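**Student:** Below you will find the structure I want to go over with you.
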Amino acid sequence: MGVLTNRVERNEIKAGDHIYTYRAVFAYSHHGIYVGGSKVVHFRPERNLNIGAETSSETYDSFLPSSCPTFPDCGFRQPNSGVILSCLDCFLRNGSLYCFEYGVTPSVFLAKVRGGTCTTAASDPEETVIHRAMYLLQNGFGNYDVFQNNCEDFALYCKTGLLIVDRLGVGRSGQASSVIGAPLAAILSSPLKLLMPSPVGVATVTAGMYCMSRYATDIGVRSDVIKVAVEDLAVNLGWLVHPEEASEENEASNTQIVSR
């Protein structure tokens with residue numbers, strides 16, 4: 001993989017790799033974890049998983065579980081979950097295959113102009129990554145959110161186990177931070193047009209601000225991330241109540257009923 005592209009061939013990927021492909025003429029990328037056997041576990045909005053064949057796939061990025069003639073289990077997911085198992089062909093949908101990079105140096109990270117291709121954070125061992133992906137396939141990954149809990153966030157968590165403590169800002173996704181960072185850099189650099197007569201100088205400063213904003217939101221350098229075991233993920237994200245808390249709530253509820 002080089003500076004300009006992370007494109008790989010199918011025989012180059014291995015189980016536990018974070019892979020992605022571009023959709024809608026490179027408008028955005030879709031990410032997942034390759035678990036071996038030509039299978040990928042990835043995260044999708046639930047509303048897009050059962051759209052009829054007549055719906056435009058480019059508009060809704062739909063995935064039709066019943067459309068795979070090769071793998072009977074392609075499209076497997078639990079009810080009310082956006083985590084889905086699909087074959088590599090259905091995941092790529094005729095797109096090219098790319099492999100996300102982990103543990104890159106800051107200079108390499110900044111050289112990647114487009115977000116959602118690499119991180120300075122280190123990856124955990126492949127068996128741990130696959131365990132997380134398969135566990136989340138059975139238990140879900142919460143509600144899909146394009147800025148805070150998307151397919152790239154899912155893959156990044158599977159690879160690193162890192163969870164952001166403050167959920168009010170942008171999630172782990174480099175793709176989302178790029179979408180926000182580019183307009184922000186343009187706005188912040190606009191006053192420089194009055195000081196810099198050269199368009200090249202303004203463009204250089206804007207590009208620098210954009211790259212630094214991407215770097216500041218990378219999970220490898222953020223200070224608001226913690227390591228969370230996949231078995232504890234639901235409690236940490238508030239998907240379900242902790243058993244002790246549930247017991248206390250039940251006791252309080254019963255007390256209120258008796259007092260009435």
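Ligands are numbered from 1 in the order shown, chains are lettered A, B, ... in the order of the structure tokens, and residues start at 1 in each chain.
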Neighbours of A:Ser123 within 7 Å (only C-alpha atoms; same-chain residues fewer than 3 positions away dropped), as a list of chain:residue names?

**Tutor:**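 Result of the neighbour search: A:Tyr102, A:Lys159, A:Thr160.
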
**Student:** Would you mind listing, for every residue of stretch 88-153 of chain A within 10 Å of stretch 31-37 of chain A, the two atoms forming the shortest contact and the distance between them in Å to one decimal, using only C-alpha atoms, sorted by chain and ascending residue number, as a tab-separated table?

**Tutor:**
residue	atom	partner	partner_atom	distance
A:Leu88	CA	A:Tyr34	CA	8.1
A:Phe91	CA	A:Gly32	CA	8.4
A:Leu92	CA	A:His31	CA	9.8
A:Tyr98	CA	A:His31	CA	9.3
A:Cys99	CA	A:His31	CA	9.4
A:Phe100	CA	A:His31	CA	8.8
A:Gly116	CA	A:His31	CA	9.1
A:Thr117	CA	A:His31	CA	9.9
A:Glu126	CA	A:Val35	CA	9.1
A:Glu127	CA	A:Val35	CA	9.5
A:Val129	CA	A:Ile33	CA	8.1
A:Ile130	CA	A:Val35	CA	6.0
A:His131	CA	A:Val35	CA	9.3
A:Arg132	CA	A:Ile33	CA	9.8
A:Ala133	CA	A:Ile33	CA	7.0
A:Met134	CA	A:Val35	CA	8.5
A:Asn150	CA	A:His31	CA	8.9
A:Cys151	CA	A:His31	CA	5.4
A:Glu152	CA	A:His31	CA	5.3
A:Asp153	CA	A:His31	CA	8.7

**Student:** Could you name the residues that touch A:Ser86 at 9 Å or less, counting only C-alpha atoms, but leaving out those on the same chain fewer than 3 positions away, as a list of chain:residue names?

**Tutor:** A:Ser38, A:Lys39, A:Val40, A:Val41, A:His42, A:Pro65, A:Cys68, A:Phe71, A:Asp73, A:Cys74, A:Gly75, A:Phe76, A:Asp89, A:Cys90, A:Phe91

**Student:** Can you work out which one of A:Gly115, A:Leu156, A:Asp224, A:Tyr144 has the shortest atom-to-atom distance to A:Ser29, counting only C-alpha atoms?

**Tutor:**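 Checking each candidate against A:Ser29, we get A:Gly115 as the closest.
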
**Student:** Among stretch 17-138 of chain A, which residues does DSSP mark as helix (DSSP H, G or I) when it is run on the backbone? Keep the chain and numbering as in the structure and answer as a PyMOL selection string.

**Tutor:** chain A and resi 46-48+57-60+65-67+88-92+106-111+126-138

**Student:** Need to verify the contact set: A:Val228, 7 Å, only C-alpha atoms, exclusion of same-chain residues closer than 5 positions in sequence. Can you return it as a ChimeraX atom specification?

**Tutor:** /A:161-163,233

**Student:** Using N, CA and C atoms, can you export the residues from the last selection as a PDB file, in the first residue's frame?

**Tutor:**
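And here is the file that came out, part_39.pdb:
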ATOM      1  N   GLY A 161     -10.582  -1.838  19.909  1.00  0.00           N
ATOM      2  CA  GLY A 161     -11.288  -1.909  21.185  1.00  0.00           C
ATOM      3  C   GLY A 161     -11.428  -0.560  21.855  1.00  0.00           C
ATOM      4  N   LEU A 162     -11.130   0.520  21.137  1.00  0.00           N
ATOM      5  CA  LEU A 162     -11.177   1.862  21.710  1.00  0.00           C
ATOM      6  C   LEU A 162     -12.563   2.473  21.564  1.00  0.00           C
ATOM      7  N   LEU A 163     -13.021   3.101  22.636  1.00  0.00           N
ATOM      8  CA  LEU A 163     -14.333   3.733  22.671  1.00  0.00           C
ATOM      9  C   LEU A 163     -14.178   5.162  23.157  1.00  0.00           C
ATOM     10  N   LEU A 233     -19.399  -3.625  26.074  1.00  0.00           N
ATOM     11  CA  LEU A 233     -19.685  -2.498  25.189  1.00  0.00           C
ATOM     12  C   LEU A 233     -21.107  -1.994  25.343  1.00  0.00           C
TER      13      LEU A 233
END

**Student:** Nearest to A:Asn143 among A:Arg44, A:Arg214, A:His18, A:Arg23, with distances taken over only C-alpha atoms: which residue is it?

**Tutor:**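 Nearest to A:Asn143: A:Arg44.
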
**Student:** For A:Cys87, which residue among A:Pro72, A:Gly140, A:Gly103, A:Gly238 is the nearest when counting only C-alpha atoms?

**Tutor:** A:Pro72

**Student:** Please determine, counting only C-alpha atoms, which residue among A:Ala155, A:Thr5, A:Ala234, A:Thr21 has the shortest atom-to-atom distance to A:Asn94.

**Tutor:**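 Among the listed residues, the smallest separation from A:Asn94 belongs to A:Thr21.
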
**Student:** May I ask which of the residues A:Phe109, A:Arg7, A:Leu85, A:Cys158 is the closest one to A:Lys227, counting only C-alpha atoms?

**Tutor:** A:Cys158
